[in-house]
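Peer 1: Just so it is clear, I am handing over upload-v7.cif, which has mmCIF, C-alpha atoms.
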data_input
#
loop_
_atom_site.label_atom_id
_atom_site.label_comp_id
_atom_site.auth_asym_id
_atom_site.auth_seq_id
_atom_site.Cartn_x
_atom_site.Cartn_y
_atom_site.Cartn_z
CA MET E 254 0.00 0.00 0.00
CA LYS E 255 1.40 3.37 -1.04
CA GLN E 256 2.26 5.62 1.92
CA THR E 257 0.63 9.06 2.12
CA PRO E 258 3.26 11.84 1.91
CA GLN E 259 3.87 13.52 5.27
CA LEU E 260 4.74 17.11 6.21
CA PRO E 261 8.34 17.38 7.50
CA LYS E 262 8.48 17.89 11.26
CA GLY E 263 8.61 21.51 12.38
CA THR E 264 7.33 22.91 9.06
CA ARG E 265 3.95 24.26 7.92
CA ASP E 266 1.69 24.09 4.91
CA PHE E 267 0.12 27.37 3.88
CA TYR E 268 -3.29 26.83 2.35
CA PRO E 269 -4.93 29.97 0.92
CA VAL E 270 -6.60 30.73 4.27
CA ASP E 271 -3.18 30.46 5.96
CA MET E 272 -1.49 32.60 3.32
CA ARG E 273 -4.12 35.23 4.03
CA VAL E 274 -2.71 35.43 7.58
CA GLN E 275 0.91 35.35 6.39
CA ASN E 276 0.36 38.08 3.82
CA HIS E 277 -1.39 40.20 6.44
CA ILE E 278 1.63 39.87 8.75
CA PHE E 279 4.12 40.52 5.94
CA SER E 280 2.13 43.56 4.76
CA ILE E 281 2.09 45.21 8.21
CA TRP E 282 5.77 44.38 8.72
CA ARG E 283 6.76 45.90 5.38
CA GLN E 284 4.56 49.00 5.80
CA ALA E 285 5.91 49.63 9.30
CA ALA E 286 9.54 49.25 8.20
CA LEU E 287 9.05 51.59 5.25
CA LYS E 288 7.22 54.08 7.49
CA PHE E 289 10.36 54.31 9.63
CA GLY E 290 12.62 54.75 6.61
CA TYR E 291 14.16 51.27 6.36
CA GLU E 292 15.13 49.83 2.95
CA GLU E 293 14.56 46.19 2.03
CA TYR E 294 17.39 43.73 1.26
CA GLU E 295 17.66 39.96 0.78
CA GLY E 296 20.33 37.26 0.57
CA PRO E 297 20.60 33.57 -0.35
CA THR E 298 18.70 30.87 1.53
CA PHE E 299 21.97 29.01 2.17
CA GLU E 300 25.45 30.28 3.04
CA HIS E 301 28.91 28.83 3.61
CA LEU E 302 28.88 26.99 6.94
CA GLU E 303 31.89 28.99 8.17
CA LEU E 304 29.76 32.16 8.18
CA TYR E 305 27.89 30.72 11.19
CA THR E 306 30.73 28.84 12.88
CA GLY E 307 32.88 31.99 12.58
CA LYS E 308 30.28 33.94 14.50
CA SER E 309 29.05 31.39 17.04
CA GLY E 310 31.64 28.58 17.11
CA GLU E 311 31.41 24.92 16.07
CA GLU E 312 28.62 24.22 18.58
CA ILE E 313 26.17 26.09 16.31
CA VAL E 314 26.34 23.20 13.80
CA ALA E 315 23.98 21.10 15.95
CA GLN E 316 21.27 23.74 15.40
CA LEU E 317 21.72 23.97 11.62
CA TYR E 318 20.51 22.21 8.52
CA ASN E 319 23.98 21.81 7.02
CA PHE E 320 25.16 19.77 4.05
CA THR E 321 27.99 19.32 1.57
CA ASP E 322 27.29 20.18 -2.06
CA LYS E 323 28.55 18.36 -5.17
CA SER E 324 31.81 20.32 -5.08
CA ASP E 325 32.37 19.28 -1.45
CA ARG E 326 31.62 22.77 -0.08
CA ALA E 327 30.23 22.93 3.48
CA LEU E 328 26.96 24.89 3.37
CA ALA E 329 24.03 25.55 5.69
CA LEU E 330 20.48 26.79 5.37
CA ARG E 331 20.39 30.19 7.08
CA PRO E 332 19.23 30.00 10.75
CA GLU E 333 19.25 33.80 11.15
CA MET E 334 19.82 36.86 8.99
CA THR E 335 22.43 38.88 10.90
CA PRO E 336 25.49 36.98 9.57
CA THR E 337 24.24 37.43 5.99
CA LEU E 338 23.77 41.13 6.70
CA ALA E 339 27.31 41.35 8.07
CA ARG E 340 28.68 39.60 4.96
CA LEU E 341 26.81 42.01 2.66
CA VAL E 342 28.21 44.97 4.57
CA ILE E 343 31.76 43.57 4.57
CA GLN E 344 31.62 43.01 0.80
CA LYS E 345 30.57 46.61 0.08
CA GLY E 346 32.75 48.19 2.76
CA ASN E 347 33.12 51.94 2.33
CA GLU E 348 30.72 52.03 -0.64
CA LEU E 349 27.82 52.10 1.82
CA LYS E 350 26.97 55.53 3.17
CA LYS E 351 26.57 55.26 6.92
CA PRO E 352 24.50 55.09 8.93
CA PHE E 353 21.93 53.07 7.00
CA LYS E 354 18.68 51.34 7.94
CA TRP E 355 17.79 48.02 6.29
CA PHE E 356 15.07 45.41 6.74
CA SER E 357 14.37 41.91 5.45
CA ILE E 358 11.70 39.21 5.82
CA PRO E 359 13.66 35.97 5.32
CA ARG E 360 12.57 32.34 5.57
CA LEU E 361 14.85 30.75 8.21
CA PHE E 362 15.71 27.19 9.24
CA ARG E 363 16.86 25.80 12.59
CA TYR E 364 17.27 22.16 13.48
CA GLU E 365 15.87 22.16 17.00
CA ARG E 366 13.00 20.55 18.89
CA ALA E 367 9.72 21.68 17.37
CA GLN E 368 7.30 22.99 20.02
CA LYS E 369 4.64 25.64 20.51
CA GLY E 370 5.95 28.98 19.29
CA ARG E 371 9.11 27.45 17.82
CA LEU E 372 9.36 25.64 14.49
CA ARG E 373 12.21 24.40 12.30
CA GLU E 374 11.15 26.61 9.40
CA PHE E 375 9.75 30.09 9.98
CA PHE E 376 9.71 33.67 8.77
CA GLN E 377 11.24 36.60 10.61
CA LEU E 378 11.27 40.37 10.25
CA ASN E 379 14.75 41.82 10.68
CA LEU E 380 15.43 45.53 11.15
CA ASP E 381 19.01 46.75 11.50
CA ILE E 382 20.84 50.06 11.71
CA LEU E 383 24.56 50.03 10.94
CA GLY E 384 27.21 52.71 11.20
CA THR E 385 26.31 54.67 14.33
CA GLU E 386 27.06 54.25 18.02
CA ASN E 387 24.38 56.75 19.02
CA ILE E 388 21.68 55.42 21.35
CA SER E 389 19.12 57.01 19.00
CA ALA E 390 19.50 53.89 16.81
CA GLU E 391 18.15 51.70 19.62
CA ALA E 392 15.37 54.23 20.21
CA ASP E 393 14.44 54.12 16.51
CA LEU E 394 14.28 50.32 16.46
CA ILE E 395 12.24 50.01 19.64
CA SER E 396 9.89 52.76 18.43
CA ALA E 397 9.42 50.79 15.20
CA ILE E 398 8.53 47.65 17.19
CA ALA E 399 5.91 49.44 19.28
CA SER E 400 4.49 51.23 16.26
CA MET E 401 4.11 48.07 14.17
CA LEU E 402 2.48 46.17 17.04
CA PHE E 403 -0.03 49.02 17.30
CA ASP E 404 -0.55 48.70 13.53
CA PHE E 405 -1.55 45.06 14.10
CA GLY E 406 -4.27 46.30 16.47
CA LEU E 407 -2.48 45.50 19.74
CA ASN E 408 -2.32 48.05 22.55
CA GLU E 409 -0.15 48.84 25.57
CA ASN E 410 -2.00 46.23 27.66
CA ASP E 411 -1.14 43.45 25.21
CA PHE E 412 2.67 43.56 25.10
CA THR E 413 5.74 44.88 26.86
CA ILE E 414 9.28 45.60 25.69
CA GLY E 415 11.83 44.61 28.32
CA ILE E 416 15.12 46.50 28.04
CA SER E 417 18.53 45.85 29.59
CA SER E 418 22.21 46.40 28.72
CA ARG E 419 25.06 43.98 28.15
CA ARG E 420 27.50 46.88 28.60
CA MET E 421 26.00 47.61 32.02
CA LEU E 422 26.12 43.93 32.90
CA ALA E 423 29.74 43.67 31.72
CA GLU E 424 30.67 46.66 33.90
CA PHE E 425 28.98 45.05 36.90
CA LEU E 426 30.68 41.68 36.34
CA GLU E 427 33.99 43.51 36.01
CA SER E 428 33.36 45.15 39.39
CA LEU E 429 32.89 41.62 40.79
CA GLU E 430 36.21 40.66 39.18
CA VAL E 431 34.55 37.92 37.10
CA LYS E 432 37.34 36.53 34.88
CA ASN E 433 35.21 35.10 32.04
CA PRO E 434 31.88 36.94 31.68
CA ASN E 435 31.06 35.01 28.47
CA LEU E 436 30.45 31.97 30.70
CA ILE E 437 28.01 33.97 32.84
CA TYR E 438 25.80 35.58 30.15
CA PRO E 439 24.15 32.32 29.01
CA LEU E 440 23.45 31.41 32.64
CA LEU E 441 21.87 34.79 33.34
CA ASP E 442 19.81 34.40 30.17
CA LYS E 443 18.35 31.15 31.60
CA ARG E 444 18.18 32.38 35.20
CA LEU E 445 14.39 32.64 35.52
CA LYS E 446 13.92 29.23 33.86
CA MET E 447 16.17 27.47 36.41
CA LYS E 448 15.71 26.51 40.03
CA ALA E 449 17.60 28.90 42.35
CA GLU E 450 19.84 26.11 43.64
CA ASP E 451 20.68 24.96 40.09
CA PHE E 452 21.49 28.53 39.06
CA GLU E 453 23.79 28.98 42.07
CA LYS E 454 25.47 25.65 41.36
CA GLU E 455 26.20 26.66 37.77
CA LEU E 456 27.66 29.99 38.91
CA LEU E 457 29.85 28.21 41.47
CA ASN E 458 31.10 25.96 38.68
CA ALA E 459 31.86 29.10 36.63
CA GLY E 460 34.12 30.35 39.42
CA LEU E 461 31.90 32.76 41.41
CA SER E 462 31.93 32.69 45.20
CA SER E 463 28.70 32.48 47.23
CA GLU E 464 29.15 36.12 48.27
CA LYS E 465 29.49 37.26 44.64
CA ILE E 466 26.47 35.15 43.63
CA LYS E 467 24.33 36.92 46.27
CA THR E 468 25.57 40.33 45.05
CA LEU E 469 24.78 39.33 41.46
CA ASN E 470 21.29 38.12 42.39
CA ASP E 471 20.57 41.39 44.22
CA PHE E 472 21.69 43.30 41.14
CA MET E 473 19.52 41.19 38.79
CA ASN E 474 16.47 41.89 40.95
CA CYS E 475 16.70 45.67 40.41
CA SER E 476 13.45 46.95 38.88
CA SER E 477 14.27 50.62 38.24
CA ILE E 478 17.16 52.51 36.69
CA GLU E 479 17.56 54.50 39.92
CA GLU E 480 18.62 51.32 41.76
CA LEU E 481 21.46 50.61 39.32
CA PRO E 482 25.10 51.59 39.94
CA GLU E 483 26.40 54.46 37.81
CA GLY E 484 28.34 53.66 34.65
CA GLN E 485 28.29 54.05 30.88
CA GLY E 486 25.75 51.26 30.45
CA VAL E 487 23.33 52.83 32.93
CA SER E 488 23.81 56.25 31.34
CA GLU E 489 22.85 54.78 27.95
CA LEU E 490 19.76 53.20 29.47
CA LYS E 491 18.67 56.53 30.94
CA ASN E 492 19.11 58.30 27.59
CA LEU E 493 17.22 55.55 25.77
CA PHE E 494 14.26 55.70 28.15
CA GLU E 495 14.12 59.48 27.78
CA LEU E 496 14.04 59.24 23.96
CA LEU E 497 11.30 56.59 24.02
CA LYS E 498 9.30 58.71 26.46
CA ALA E 499 9.60 61.67 24.07
CA ALA E 500 8.37 59.43 21.23
CA GLY E 501 5.31 58.45 23.27
CA TYR E 502 6.20 54.81 23.99
CA GLU E 503 6.99 55.03 27.72
CA ASN E 504 4.02 52.77 28.59
CA CYS E 505 5.30 50.04 26.26
CA ILE E 506 8.74 49.66 27.87
CA ASN E 507 10.24 48.59 31.17
CA LEU E 508 13.64 47.85 32.68
CA ASP E 509 14.06 44.07 32.69
CA LEU E 510 17.47 42.75 33.73
CA SER E 511 16.35 39.19 32.96
CA VAL E 512 16.79 40.15 29.29
CA VAL E 513 20.39 39.11 28.61
CA ARG E 514 20.28 37.47 25.16
CA GLY E 515 22.45 34.35 25.09
CA LEU E 516 24.41 35.17 21.94
CA ALA E 517 27.95 36.34 22.61
CA TYR E 518 28.07 39.08 19.98
CA TYR E 519 25.77 41.54 21.82
CA THR E 520 27.74 44.44 23.30
CA GLY E 521 25.25 47.10 24.47
CA ILE E 522 21.50 47.58 24.81
CA VAL E 523 19.48 44.33 24.55
CA PHE E 524 15.70 43.98 24.51
CA GLU E 525 12.91 41.42 24.15
CA VAL E 526 9.20 41.77 23.46
CA PHE E 527 6.64 39.61 25.27
CA ASP E 528 2.90 39.38 25.60
CA LYS E 529 1.93 41.29 28.75
CA ASN E 530 1.49 38.18 30.91
CA LYS E 531 4.55 36.40 29.45
CA ASN E 532 2.45 33.35 28.60
CA MET E 533 4.25 32.92 25.27
CA ARG E 534 7.78 32.89 23.98
CA ALA E 535 9.38 36.22 23.07
CA ILE E 536 7.69 37.95 20.14
CA ALA E 537 10.91 39.76 19.21
CA GLY E 538 14.41 40.30 20.49
CA GLY E 539 17.60 42.09 19.61
CA GLY E 540 20.29 44.49 20.65
CA ARG E 541 23.59 46.16 19.79
CA TYR E 542 26.38 44.16 18.14
CA ASP E 543 29.38 46.40 17.60
CA ASN E 544 31.97 43.72 16.75
CA LEU E 545 30.20 41.30 14.39
CA THR E 546 31.64 42.49 11.07
CA GLU E 547 35.11 42.56 12.63
CA THR E 548 34.64 39.03 14.00
CA LEU E 549 33.77 37.82 10.49
CA GLY E 550 36.90 39.36 8.95
CA GLY E 551 35.78 42.85 7.95
CA GLN E 552 36.38 46.33 9.30
CA LYS E 553 34.57 47.22 12.50
CA ILE E 554 31.10 48.65 11.80
CA THR E 555 28.77 49.23 14.71
CA GLY E 556 25.28 47.79 14.44
CA VAL E 557 22.00 47.30 16.27
CA GLY E 558 19.06 45.19 15.17
CA PHE E 559 16.21 42.86 16.07
CA GLY E 560 14.26 39.90 14.75
CA MET E 561 10.52 39.28 15.09
CA GLY E 562 9.27 35.79 14.22
CA ASP E 563 5.90 35.14 12.62
CA VAL E 564 4.93 32.11 14.75
CA VAL E 565 4.54 33.68 18.21
CA LEU E 566 3.21 36.92 16.72
CA ALA E 567 0.46 35.00 14.88
CA ASP E 568 -0.42 33.15 18.11
CA LEU E 569 -0.80 36.46 19.98
CA LEU E 570 -2.86 38.07 17.19
CA ALA E 571 -5.11 35.00 17.08
CA GLU E 572 -5.60 35.18 20.85
CA LYS E 573 -6.67 38.83 20.49
CA ASN E 574 -8.92 38.09 17.46
CA LEU E 575 -6.80 40.39 15.29
CA LEU E 576 -6.20 38.10 12.32
CA PRO E 577 -8.12 38.60 9.04
CA GLN E 578 -11.24 36.44 8.88
CA SER E 579 -12.04 36.79 5.19
CA ARG E 580 -10.47 37.67 1.87
CA SER E 581 -9.83 41.34 1.22
CA ASP E 582 -8.38 41.13 -2.27
CA LEU E 583 -11.42 40.10 -4.34
CA GLN E 584 -13.42 43.19 -5.14
CA VAL E 585 -15.92 41.88 -7.67
CA PHE E 586 -17.56 38.58 -8.61
CA ILE E 587 -19.11 38.70 -12.06
CA ALA E 588 -22.33 36.72 -12.54
CA SER E 589 -24.48 35.92 -15.56
CA PHE E 590 -28.23 35.39 -15.62
CA SER E 591 -27.86 33.29 -18.79
CA SER E 592 -24.71 31.42 -17.70
CA ASP E 593 -23.08 32.78 -20.85
CA MET E 594 -19.35 32.12 -20.47
CA LYS E 595 -18.42 34.50 -23.29
CA VAL E 596 -20.08 37.49 -21.61
CA LEU E 597 -18.42 36.57 -18.29
CA PHE E 598 -14.94 36.49 -19.84
CA LYS E 599 -15.61 39.71 -21.81
CA THR E 600 -16.82 41.62 -18.74
CA ALA E 601 -14.01 40.28 -16.55
CA ALA E 602 -11.44 41.44 -19.11
CA GLU E 603 -12.91 44.97 -19.01
CA PHE E 604 -12.67 45.08 -15.21
CA ARG E 605 -9.13 43.71 -15.11
CA LYS E 606 -7.96 46.32 -17.59
CA LYS E 607 -8.91 48.78 -14.84
CA ASN E 608 -6.81 46.76 -12.32
CA ILE E 609 -9.91 45.51 -10.52
CA ALA E 610 -9.59 42.07 -8.92
CA CYS E 611 -12.50 39.94 -10.09
CA SER E 612 -13.53 36.35 -10.58
CA HIS E 613 -16.44 34.36 -12.01
CA SER E 614 -17.72 30.83 -12.41
CA LEU E 615 -15.79 28.59 -14.79
CA ASN E 616 -18.86 26.45 -15.44
CA ALA E 617 -22.33 27.27 -16.77
CA VAL E 618 -24.31 27.09 -13.51
CA LYS E 619 -27.50 28.68 -12.20
CA LEU E 620 -27.44 32.21 -10.80
CA THR E 621 -28.11 30.98 -7.24
CA LYS E 622 -25.00 28.82 -7.44
CA GLN E 623 -22.97 31.77 -8.75
CA LEU E 624 -24.09 33.90 -5.79
CA GLU E 625 -23.06 31.13 -3.40
CA MET E 626 -19.66 31.12 -5.09
CA ALA E 627 -19.39 34.91 -4.70
CA ASN E 628 -20.01 34.67 -0.95
CA ALA E 629 -17.64 31.72 -0.56
CA ALA E 630 -14.91 33.64 -2.41
CA GLY E 631 -15.28 36.67 -0.11
CA ALA E 632 -16.21 39.04 -2.94
CA LYS E 633 -17.37 42.47 -1.89
CA CYS E 634 -19.70 43.02 -4.83
CA VAL E 635 -21.55 41.03 -7.48
CA VAL E 636 -21.80 42.57 -10.95
CA PHE E 637 -24.38 41.09 -13.32
CA ALA E 638 -22.76 41.03 -16.75
CA ASP E 639 -25.96 40.54 -18.77
CA GLY E 640 -28.70 42.12 -16.66
CA GLU E 641 -31.66 43.65 -18.49
CA LYS E 642 -30.56 47.16 -17.49
CA SER E 643 -26.86 46.58 -18.21
CA LYS E 644 -25.34 48.29 -21.21
CA ASP E 645 -21.91 49.53 -22.30
CA GLY E 646 -20.11 50.78 -19.18
CA VAL E 647 -23.15 50.35 -16.92
CA TRP E 648 -24.05 47.23 -14.93
CA GLU E 649 -26.58 45.94 -12.44
CA TYR E 650 -24.77 45.24 -9.16
CA LYS E 651 -25.21 44.23 -5.52
CA ILE E 652 -22.91 45.17 -2.61
CA LEU E 653 -22.85 42.03 -0.46
CA ALA E 654 -22.00 43.67 2.86
CA THR E 655 -24.84 46.24 2.76
CA GLY E 656 -27.32 44.67 0.36
CA GLU E 657 -27.27 47.83 -1.77
CA GLN E 658 -28.45 47.18 -5.33
CA GLY E 659 -28.63 49.38 -8.39
CA VAL E 660 -27.45 50.15 -11.87
CA ALA E 661 -24.29 52.21 -12.26
CA GLY E 662 -20.96 52.72 -13.92
CA LEU E 663 -17.74 51.25 -12.66
CA GLU E 664 -16.67 54.28 -10.60
CA HIS E 665 -19.91 54.34 -8.61
CA ILE E 666 -19.80 50.58 -8.04
CA LEU E 667 -16.25 50.79 -6.66
CA LYS E 668 -17.27 53.57 -4.25
CA GLY E 669 -20.00 51.28 -2.98
CA VAL E 670 -17.45 48.49 -2.54
CA GLU E 671 -15.15 50.79 -0.52
CA ASN E 672 -18.01 52.02 1.68
CA GLY E 673 -19.34 48.51 2.12
#
Starting from the file, give its structure as C-alpha cells.

Peer 2:
Amino acid sequence: MKQTPQLPKGTRDFYPVDMRVQNHIFSIWRQAALKFGYEEYEGPTFEHLELYTGKSGEEIVAQLYNFTDKSDRALALRPEMTPTLARLVIQKGNELKKPFKWFSIPRLFRYERAQKGRLREFFQLNLDILGTENISAEADLISAIASMLFDFGLNENDFTIGISSRRMLAEFLESLEVKNPNLIYPLLDKRLKMKAEDFEKELLNAGLSSEKIKTLNDFMNCSSIEELPEGQGVSELKNLFELLKAAGYENCINLDLSVVRGLAYYTGIVFEVFDKNKNMRAIAGGGRYDNLTETLGGQKITGVGFGMGDVVLADLLAEKNLLPQSRSDLQVFIASFSSDMKVLFKTAAEFRKKNIACSHSLNAVKLTKQLEMANAAGAKCVVFADGEKSKDGVWEYKILATGEQGVAGLEHILKGVENG
C-alpha cells in the first residue's frame, strides 16, 4: 500500500486561508519598516557553513541544517539573517553611506525541537541600523517595534518591551572581578527558567563565590534605573528611556534585567518583546552588536538590530482576534443570468484592464449557485454582466456587505465596494 506523503516535522503548509494570515503579517511588517525609513534587502537561503561557525563557534552546527554540495563545499540553510547582513556589509565596505537602515523578511531554518511557538522553518522580520554608536539607533528600532504592534491592532496592555544592557552587565561583572563573563551571560539568560539552587550551582562551577552570587542576584532583581550603579551602560539606558518617552512609547517599555540574550556578539542595549502576561515565547528580540563584522573578517562597523518571528506573533494576534477572517483582495464577482461564459470572460477582461480584482464561475451554472460562489470567495460586490438594465459601461450590481443594489458605472460601483 502506497504511503501518504507527510509534512516534514517543524514545518507548515500554507493553504490559501493560511497565506491570508501570512500576507497580512508581511504587509504590516513591510509597511511599518518603510514608514520608519528602512530599505529592504535579501540574501541567499543558504550560506557557507563557516559564516555561522565563525560567529558562534562549532557548537552552532547542531542547530543547523547543514550539508555538503557536489563540489564538497560545506553549506548551511540560514538560521538567522544577521550573519548574511554582516557579509553584505563587509563586501561593500566603504561604498555604503553610513548610517543606513535596512530590513528583510527571510525564511529561516533551525534544526531544534519543534514545540509551541518554535518551528524548524519560519519567517522573521529583521530591522538593522549600521554605522552609528548613538543610542538614538536603539530608540528608533524600539519605536518601530511598538508602532508596528499598534498597527496590528495591539495596545499597551497586550505587550511589553523589556530592556537591559550587556555593557552595564559587563561593567557590573567587572566590578565583581569575574574573569570570564562570556560563561556567565548564558546562565543569566536562563536564570528565571532554572531553580535557584541549580542557578547557584552553575555559577559556582563558573568560578563565582557564594558572596558574589548573592551580590549578582541582588543586582539582577533591580526593577528601576535609579537602583542601578552608575556607569556608561546605565547612562545609555537613561538616555534611551528618555528618547522613548519623548516618542510616546513610555508605557510600552520597562527595565528588565532578565533580558540578557544568550548570543555572545551583543555588546550594548538588549531587549525582548513579550505578551503582557509572558504566557508565550518572546515575540521579538535584539540588541547592539558592535563587533560582528570585525569578527567575520571585515572592518569594525557598529550595528543594532532585532528579529521578530511570525509564529509567536500569529499566536498572539489570534488570541486577540486580530487576524483577518475573510479575503480582502477580491473586489468583484461577475455573474451571468444566462450562464453565458463569453459574456463573463468579456466583462471580466474589461474590469481587469482597470486593475480591478474579479472572478467568475468557470462552469455554466444557475445564478443561485454563482451567488453562493461569490459569498464563498469573499467578494465584496456582485456585478451582473448581462442584466436587463446593463449596457456599455453600466451594470446591475449588488454590494454584499450592505445589500445595496442598483445600476451604475464602474466608478460608482467601486465607491459602494469601498463604503461597504

Peer 1: Quick one: which residues end up in the PyMOL selection byres ((chain E and resi 572-583) around 9) for this structure, as an NGL selection string?

Peer 2: :E and (270 or 273-274 or 277-278 or 405-407 or 411 or 567-571 or 584-586 or 609-612 or 630-634)

Peer 1: For Glu391 in chain E, please output as a ChimeraX atom specification all residues within 9 Å (counting all atoms listed in the file; exclusion window: fewer than 6 positions along the same chain).

Peer 2: /E:382,493,522-523,540-541,557-558

Peer 1: Take the PyMOL selection byres ((chain E and resi 352) around 10), run it mentally on this structure, and tell me the resulting residues as a compact mmCIF listing (two decimals) with C-alpha atoms, in the coordinates of the input.

Peer 2:
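Output (out_9.txt):
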# COMPACT_ATOMS: atom_id res chain seq x y z
CA LEU E 349 27.82 52.10 1.82
CA LYS E 350 26.97 55.53 3.17
CA LYS E 351 26.57 55.26 6.92
CA PHE E 353 21.93 53.07 7.00
CA LYS E 354 18.68 51.34 7.94
CA ILE E 382 20.84 50.06 11.71
CA LEU E 383 24.56 50.03 10.94
CA GLY E 384 27.21 52.71 11.20
CA THR E 385 26.31 54.67 14.33
CA GLU E 386 27.06 54.25 18.02
CA ALA E 390 19.50 53.89 16.81
CA ILE E 554 31.10 48.65 11.80
CA THR E 555 28.77 49.23 14.71
CA GLY E 556 25.28 47.79 14.44

Peer 1: If the PyMOL selection byres ((chain E and resi 287) around 12) were run on this exact file, what residues would it hold? Put them as a PyMOL selection string.

Peer 2: chain E and resi 280-286+288-293+354-357+380+397+400-401

Peer 1: Mind dumping the selected residues with C-alpha atoms as a compact mmCIF listing (two decimals), in the frame of the given file?

Peer 2:
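Produced file out10.txt, reproduced below:
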# COMPACT_ATOMS: atom_id res chain seq x y z
CA SER E 280 2.13 43.56 4.76
CA ILE E 281 2.09 45.21 8.21
CA TRP E 282 5.77 44.38 8.72
CA ARG E 283 6.76 45.90 5.38
CA GLN E 284 4.56 49.00 5.80
CA ALA E 285 5.91 49.63 9.30
CA ALA E 286 9.54 49.25 8.20
CA LYS E 288 7.22 54.08 7.49
CA PHE E 289 10.36 54.31 9.63
CA GLY E 290 12.62 54.75 6.61
CA TYR E 291 14.16 51.27 6.36
CA GLU E 292 15.13 49.83 2.95
CA GLU E 293 14.56 46.19 2.03
CA LYS E 354 18.68 51.34 7.94
CA TRP E 355 17.79 48.02 6.29
CA PHE E 356 15.07 45.41 6.74
CA SER E 357 14.37 41.91 5.45
CA LEU E 380 15.43 45.53 11.15
CA ALA E 397 9.42 50.79 15.20
CA SER E 400 4.49 51.23 16.26
CA MET E 401 4.11 48.07 14.17

Peer 1: Please, what distance in Å, to one decimal, runs between CA of Ser462 in chain E and CA of Asn435 in chain E?

Peer 2: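 Between CA of Ser462 in chain E and CA of Asn435 in chain E the gap works out to 16.9 Å.
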
Peer 1: List as an MDAnalysis selection string the protein and nucleic acid residues near range 649-653 of chain E, meaning an atom at most 12 Å away when all atoms listed in the file are counted, but skip any in the same chain fewer than 3 places from it.

Peer 2: chainID E and resid 584:590 624:625 627:646 656:663 665:673

Peer 1: With a distance cut-off of 12 Å and all atoms listed in the file, select the neighbouring residues of Glu483 in chain E, excluding the residue or stretch itself and same-chain residues fewer than 3 positions from it, and output the selection as a JSON list (two decimals) with C-alpha atoms, keeping the file's coordinate frame.

Peer 2:
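See selection_6.json below for the written result:
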[["chain", "number", "residue", "atom", "x", "y", "z"],
["E", 420, "ARG", "CA", 27.50, 46.88, 28.60],
["E", 421, "MET", "CA", 26.00, 47.61, 32.02],
["E", 422, "LEU", "CA", 26.12, 43.93, 32.90],
["E", 424, "GLU", "CA", 30.67, 46.66, 33.90],
["E", 425, "PHE", "CA", 28.98, 45.05, 36.90],
["E", 428, "SER", "CA", 33.36, 45.15, 39.39],
["E", 478, "ILE", "CA", 17.16, 52.51, 36.69],
["E", 479, "GLU", "CA", 17.56, 54.50, 39.92],
["E", 480, "GLU", "CA", 18.62, 51.32, 41.76],
["E", 486, "GLY", "CA", 25.75, 51.26, 30.45],
["E", 487, "VAL", "CA", 23.33, 52.83, 32.93],
["E", 488, "SER", "CA", 23.81, 56.25, 31.34],
["E", 489, "GLU", "CA", 22.85, 54.78, 27.95],
["E", 490, "LEU", "CA", 19.76, 53.20, 29.47],
["E", 491, "LYS", "CA", 18.67, 56.53, 30.94]]

Peer 1: From the set E:Met447, E:Leu361, E:Ala339, E:Leu615, which residue has the shortest atom-to-atom contact distance to Ala601 in chain E, counting only C-alpha atoms?

Peer 2: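 Among E:Met447, E:Leu361, E:Ala339, E:Leu615, it is E:Leu615 that comes nearest to Ala601 in chain E.
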
Peer 1: Generate the coordinates of N, CA and C atoms for range 517-528 of chain E; report them as a short mmCIF file (atom, residue, chain, number, x, y, z; two decimals), in the coordinates of the input.

Peer 2:
data_model
loop_
_atom_site.label_atom_id
_atom_site.label_comp_id
_atom_site.auth_asym_id
_atom_site.auth_seq_id
_atom_site.Cartn_x
_atom_site.Cartn_y
_atom_site.Cartn_z
N ALA E 517 26.77 35.65 22.09
CA ALA E 517 27.95 36.34 22.61
C ALA E 517 28.24 37.66 21.92
N TYR E 518 27.65 37.90 20.73
CA TYR E 518 28.07 39.08 19.98
C TYR E 518 27.38 40.37 20.42
N TYR E 519 26.41 40.30 21.34
CA TYR E 519 25.77 41.54 21.82
C TYR E 519 26.71 42.31 22.74
N THR E 520 26.77 43.63 22.56
CA THR E 520 27.74 44.44 23.30
C THR E 520 27.11 45.60 24.07
N GLY E 521 25.85 45.93 23.83
CA GLY E 521 25.25 47.10 24.47
C GLY E 521 23.82 46.84 24.89
N ILE E 522 22.91 47.72 24.49
CA ILE E 522 21.50 47.58 24.81
C ILE E 522 20.98 46.26 24.23
N VAL E 523 20.19 45.53 25.02
CA VAL E 523 19.48 44.33 24.55
C VAL E 523 18.02 44.47 24.97
N PHE E 524 17.13 43.86 24.20
CA PHE E 524 15.70 43.98 24.51
C PHE E 524 14.94 42.78 23.97
N GLU E 525 13.81 42.48 24.60
CA GLU E 525 12.91 41.42 24.15
C GLU E 525 11.48 41.89 24.32
N VAL E 526 10.61 41.39 23.45
CA VAL E 526 9.20 41.77 23.46
C VAL E 526 8.37 40.55 23.83
N PHE E 527 7.50 40.70 24.81
CA PHE E 527 6.64 39.61 25.27
C PHE E 527 5.18 40.06 25.30
N ASP E 528 4.28 39.07 25.26
CA ASP E 528 2.90 39.38 25.60
C ASP E 528 2.89 39.82 27.07
#
